[in-house]
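The structure under discussion appears below in the form of structure tokens.
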Amino acid sequence: SLLAQQPSLTAANVEAASANVEQLDQAYRHLAEGLYGDTTIVGSTNGVQVMASIQEYISDFTFRAKNHVNAEGLPAPVSIAKDLSFGFEAYAEQASVPELPKLVPLLDQQRQVLSYVMRQLLASDPLEIVSVERRIYEGESPRGRKKLNGFKMPKLPSAAVKGLIQTIPFKVEFCGYTNSLRQFLNKLAEFELPILVRSIQVSRKDQTFKKSKSKPKGTSLEELFGGFGAAAKSENPSTAKAEQKPIISENASNFTLILEYIQITPSEQIANLDP
């Protein structure tokens, strides 16, 4: 009955199947290396060192935001909330080592990914970093604190595939101009780290440029485009030019991005997975 199967269980077919598996394994390794980018992030298991790194991470990016300099070399401080700790608010004051040892490398991995994300975000010259949220792992709550509320990746847009692809989700909200969003996305697209942008939401900034309360005078065309024709000749050109105001100006917006850091399961572990 085995020989009657298509393909039949002959020595030649078994060798061909083995060769095919080897080719697929090599293709998988090549794909995984491409998705990992230039570097693979591995979390440290040294609890004391990891907690110190988290404290340094919070202080470092607080300083960077307040002393940010734009591409032209001019001071352009980025506004942040007083209690913003760039995703690690739970450890801003109490940096005790988690009771579960398995959490230590996971927290260190999150810190390393967020360090990269925050560097690229600041380089895009935002006006304000509103919030940074990360996944809170089970059992992570520090001593004496209630259960922490963290970011949970929505099921539909996630790139995770059980047994094959694990992801670490983040949620970042910042305020800026469209060019800031464009620069941020272009930098992430270089794929120095395997970070996918899963969702982008844009909303109008509550307080943008102040609008004039005075009612327009004269005809609508004159107000919009300035005096022209006979009306323009009756005014001093320099005065008319000074009084003209731009009608269209770029407004700041709030951008909310859901990001995922990708972890590919090594091919040697896939053979042990259930079908």
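Chain labels run A, B, ... following the order of the structure tokens; each chain numbers its residues from 1, and ligands are numbered from 1 in the order shown.
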
Need to verify the contact set: segment 55-58 of chain A, 9 Å, only C-alpha atoms, exclusion of same-chain residues closer than 4 positions in sequence. Can you return it as a ChimeraX atom specification? /A:50-51,62-63,84-89,91-93,95,111,115

Contacts of Leu181 of chain A at 10 Å (only C-alpha atoms; same-chain gap of 4+ positions) as a ChimeraX atom specification: /A:121,124-126,174-177,185-186,200,253-255,257

Considering only C-alpha atoms, can you say which of A:Ala189, A:Ala252, A:Arg119, A:Leu196 comes closest to Phe61 of chain A? A:Arg119
